[in-house]
Structure formats: C-alpha cells, structure tokens
Amino acid sequence: MRPRAQASHGRGFGAQAAVYDEVRPGYPTAALDLTGPDWQGLRVCDLGAGTGILSRTLIGRGCDVVAVDPDPAALERNPAPSRIGTAEDTGLASADFDLVTVAQAWHWFDEEAAATEICRILRPGGRLLILINQLDVRIDWVLRLSRIMHAGDVYRPQYRPQPGEGLRLTDRSLVEFTTPIGVDGIVDLARTRSYWLRSNETTRARVETNLREYFRDEHPVTGAIELPYMCLAYLLERT
C-alpha cells in the first residue's frame, strides 16, 4: 500500500472514539519503563495520539505533552494540548522535544519521512519510543479470533522498525499482558479496527455474526475472559 493510501486508513478512528477508549487496552508499565524511571518534566510529543490512551498516562507521569494527530474527532477526547498534524509534517518547532512517543500508530506512517520529521523536532540526544499493542497471535485461539475480526495483527517478536538514517535502535522489550473483556466487548473491539470502519454494513454484520458464533460454538465462554496481548516496545535515539 502506498504511504498516502495507507495513512488515509488511519484517520477514521474518531468515528468510534468513545468505543475506542473503552475497549482498547492501555500500555503496560514495563514497556514504558524502557525509557527509564524519570519522566517528570519531559517535553513529549505524542505522535498519532488519537483519543489519548497514552497521552493520559504521560500527563500522569508529569510530562509536558503535545498530542498530534490528523483526526480532529479523535483529538476531541485527548486531554493534552493538541494540534492537527501528521507524522510526516507535525508543524511543531524544531529541537523542542525530549521524547517522541508513537503508540499504535507506527504502521500508518511513511517510516522514512516520519523519521526525518521526528529527528527535526527532537532535541540532541532525544529519543523515540514506539509502542505496539496487539493480540497475542502466538496463541492459536487468539490467532483465529484476530482473523475473524480482521485485526491486522501482523507483527512478530522478530520485527524491528526501519526508520532509516537519524535514529538508532538502542533497546526493545516484549511485554505480555491480558485484559478482561466479554464477547460484547470483543465485538466492540472489532468496531474500532480500520477494516470495520471502512467496510459496509453487510460486511460489518457478517464480522459480528462470525465473532459471536466463534465464542458460542468453537471457543465457548461465559462472562469475561482474559484476552492475551503482547506489547512490542522499541526505544530509538537521535544520532
């Protein structure tokens, strides 16, 4: 997919902003701690910040946060000072940030162009933290679930971001975690996926039916289940 077409698919999450906030998981502490324990006072650009799932955590850790996203509907729910922009053109001042965070958005970017812009807005020695929460598709029933909902969870633990010149990978981690959710919540989770957002009502109805039948017939559950995730975290430094 060309970067422009790819990016366009990542600009519709505001249509399900409230549901997104309710069912998408936050980011585990162990992944955030890849940058070290001292966050107080850091000047942070949360890039592709959306509704603010990570922005809220950064504010809670004492960071001075600016949220950037191309979707104004998503940013309406973000508590941080925000501006409309893209990873390739943030519109922010040069050398103004200690840290850039990218949570659940790196796959929407043109990596090379985004890396150039991130290097521009980072101060010397500044860092980039990429966080990717995804269903733990190493588990057979979760892999089946992800395929039914067209979750797009394609990353494996071997994955490494390839931003090109200007950024060097210095550390990484994989953090396993679970989040409690019921079948209705899993259907809502599917509603926050780009596949659902760009599909017609017939396709959406088929996905919902398939999900409910899966948990009724193939993987029966009652009440909430612990849905397995893994968070892939990557720390890069401006060179």
# chains A, B, ... in the order shown; residues from 1 in each chain; ligands from 1
>>> select_by_dssp(residues="range 21-234 of chain A", states="strand (DSSP E or B)", output="ChimeraX atom specification")
/A:43-47,64-69,82-84,97-103,122-135,167-181,225-234
>>> residues_around(residues="Ala30 in chain A", least_positions_apart="3", cutoff="9 Å", atoms="only C-alpha atoms", output="PDB file with N, CA and C atoms, in the first residue's frame")
ATOM      1  N   TYR A  27      -1.127   0.834  27.918  1.00  0.00           N
ATOM      2  CA  TYR A  27       0.217   0.309  27.672  1.00  0.00           C
ATOM      3  C   TYR A  27       0.876  -0.079  28.991  1.00  0.00           C
ATOM      4  N   ASP A  33       8.662   1.797  30.861  1.00  0.00           N
ATOM      5  CA  ASP A  33       9.901   1.936  31.629  1.00  0.00           C
ATOM      6  C   ASP A  33      11.149   1.660  30.805  1.00  0.00           C
ATOM      7  N   LEU A  34      10.966   1.313  29.545  1.00  0.00           N
ATOM      8  CA  LEU A  34      12.113   1.161  28.661  1.00  0.00           C
ATOM      9  C   LEU A  34      12.922   2.452  28.580  1.00  0.00           C
ATOM     10  N   SER A 173      11.708  -4.326  24.078  1.00  0.00           N
ATOM     11  CA  SER A 173      11.164  -5.321  25.001  1.00  0.00           C
ATOM     12  C   SER A 173       9.844  -5.844  24.469  1.00  0.00           C
ATOM     13  N   LEU A 174       9.474  -7.012  24.948  1.00  0.00           N
ATOM     14  CA  LEU A 174       8.171  -7.592  24.666  1.00  0.00           C
ATOM     15  C   LEU A 174       7.512  -7.867  26.014  1.00  0.00           C
ATOM     16  N   VAL A 175       6.354  -7.259  26.220  1.00  0.00           N
ATOM     17  CA  VAL A 175       5.654  -7.390  27.492  1.00  0.00           C
ATOM     18  C   VAL A 175       4.318  -8.084  27.247  1.00  0.00           C
TER      19      VAL A 175
END
>>> closest_residue(among="A:Leu129, A:Ile59, A:Ile118, A:Ala18", to="Glu76 in chain A", atoms="only C-alpha atoms")
A:Ala18
>>> residues_around(residues="range 186-196 of chain A", least_positions_apart="4", cutoff="6 Å", atoms="only C-alpha atoms", output="NGL selection string")
:A and (20 or 23 or 149)
>>> residues_around(residues="range 163-170 of chain A", least_positions_apart="6", cutoff="7 Å", atoms="only C-alpha atoms", output="CSV table (one decimal) with all heavy atoms, in the first residue's frame")
chain,number,residue,atom,x,y,z
A,111,GLU,N,7.7,5.5,7.0
A,111,GLU,CA,8.7,5.4,8.0
A,111,GLU,C,9.9,6.4,7.8
A,111,GLU,O,10.3,7.1,8.7
A,111,GLU,CB,9.3,4.0,8.1
A,111,GLU,CG,8.4,3.0,8.8
A,111,GLU,CD,9.1,1.7,9.2
A,111,GLU,OE1,10.3,1.6,8.9
A,111,GLU,OE2,8.4,0.8,9.8
A,112,GLU,N,10.3,6.5,6.6
A,112,GLU,CA,11.5,7.4,6.3
A,112,GLU,C,11.1,8.8,6.5
A,112,GLU,O,11.9,9.6,7.1
A,112,GLU,CB,11.9,7.1,4.8
A,112,GLU,CG,13.2,7.9,4.5
A,112,GLU,CD,13.8,7.5,3.1
A,112,GLU,OE1,13.3,6.5,2.5
A,112,GLU,OE2,14.6,8.3,2.6
A,115,ALA,N,10.6,9.5,10.2
A,115,ALA,CA,11.9,9.6,10.9
A,115,ALA,C,12.5,11.0,10.7
A,115,ALA,O,13.1,11.5,11.7
A,115,ALA,CB,12.8,8.5,10.5
A,119,CYS,N,13.3,13.4,13.9
A,119,CYS,CA,14.6,13.9,14.1
A,119,CYS,C,14.6,15.5,14.2
A,119,CYS,O,15.4,16.1,15.0
A,119,CYS,CB,15.6,13.4,13.1
A,119,CYS,SG,16.0,11.7,13.2
A,235,LEU,N,12.9,1.5,21.7
A,235,LEU,CA,13.5,2.8,22.1
A,235,LEU,C,14.6,3.1,21.1
A,235,LEU,O,15.5,2.3,20.9
A,235,LEU,CB,14.0,2.7,23.5
A,235,LEU,CG,14.5,4.1,24.0
A,235,LEU,CD1,13.4,5.1,24.2
A,235,LEU,CD2,15.2,3.9,25.4
A,236,LEU,N,14.4,4.2,20.4
A,236,LEU,CA,15.4,4.7,19.5
A,236,LEU,C,16.0,6.1,19.9
A,236,LEU,O,15.2,6.9,20.5
A,236,LEU,CB,14.8,4.8,18.0
A,236,LEU,CG,14.3,3.5,17.5
A,236,LEU,CD1,12.8,3.4,17.8
A,236,LEU,CD2,14.5,3.4,16.0
A,237,GLU,N,17.2,6.3,19.5
A,237,GLU,CA,17.9,7.6,19.9
A,237,GLU,C,18.2,8.3,18.7
A,237,GLU,O,18.7,7.8,17.7
A,237,GLU,CB,19.1,7.3,20.7
A,237,GLU,CG,19.8,8.5,21.2
A,237,GLU,CD,21.0,8.1,22.1
A,237,GLU,OE1,20.8,7.4,23.1
A,237,GLU,OE2,22.1,8.6,21.9
A,238,ARG,N,18.1,9.6,18.7
A,238,ARG,CA,18.5,10.5,17.6
A,238,ARG,C,20.0,10.5,17.6
A,238,ARG,O,20.7,10.8,18.6
A,238,ARG,CB,18.0,11.9,17.9
A,238,ARG,CG,18.4,12.9,16.8
A,238,ARG,CD,18.0,14.3,17.1
A,238,ARG,NE,18.7,15.2,16.1
A,238,ARG,CZ,18.7,16.5,16.3
A,238,ARG,NH1,18.1,17.1,17.3
A,238,ARG,NH2,19.3,17.3,15.4
A,239,THR,N,20.6,10.2,16.4
A,239,THR,CA,22.0,10.1,16.3
A,239,THR,C,22.6,11.4,15.7
A,239,THR,O,21.9,12.2,15.2
A,239,THR,CB,22.4,8.9,15.3
A,239,THR,OG1,21.8,9.1,14.1
A,239,THR,CG2,21.9,7.6,15.9
>>> closest_residue(among="A:Ser55, A:Thr116, A:Gln162, A:Thr222", to="Ala103 in chain A", atoms="only C-alpha atoms")
A:Ser55
>>> atom_distance(atom1="CA of Val207 in chain A", atom2="CA of Ile148 in chain A")
6.7 Å
>>> closest_residue(among="A:Val44, A:Leu232, A:Ile225, A:Ala87", to="Ala113 in chain A", atoms="only C-alpha atoms")
A:Ala87
>>> select_by_dssp(residues="range 19-233 of chain A", states="alpha helix (DSSP H)", output="ChimeraX atom specification")
/A:19-23,29-32,53-60,72-75,111-121,140-148,183-191,194-197,201-213
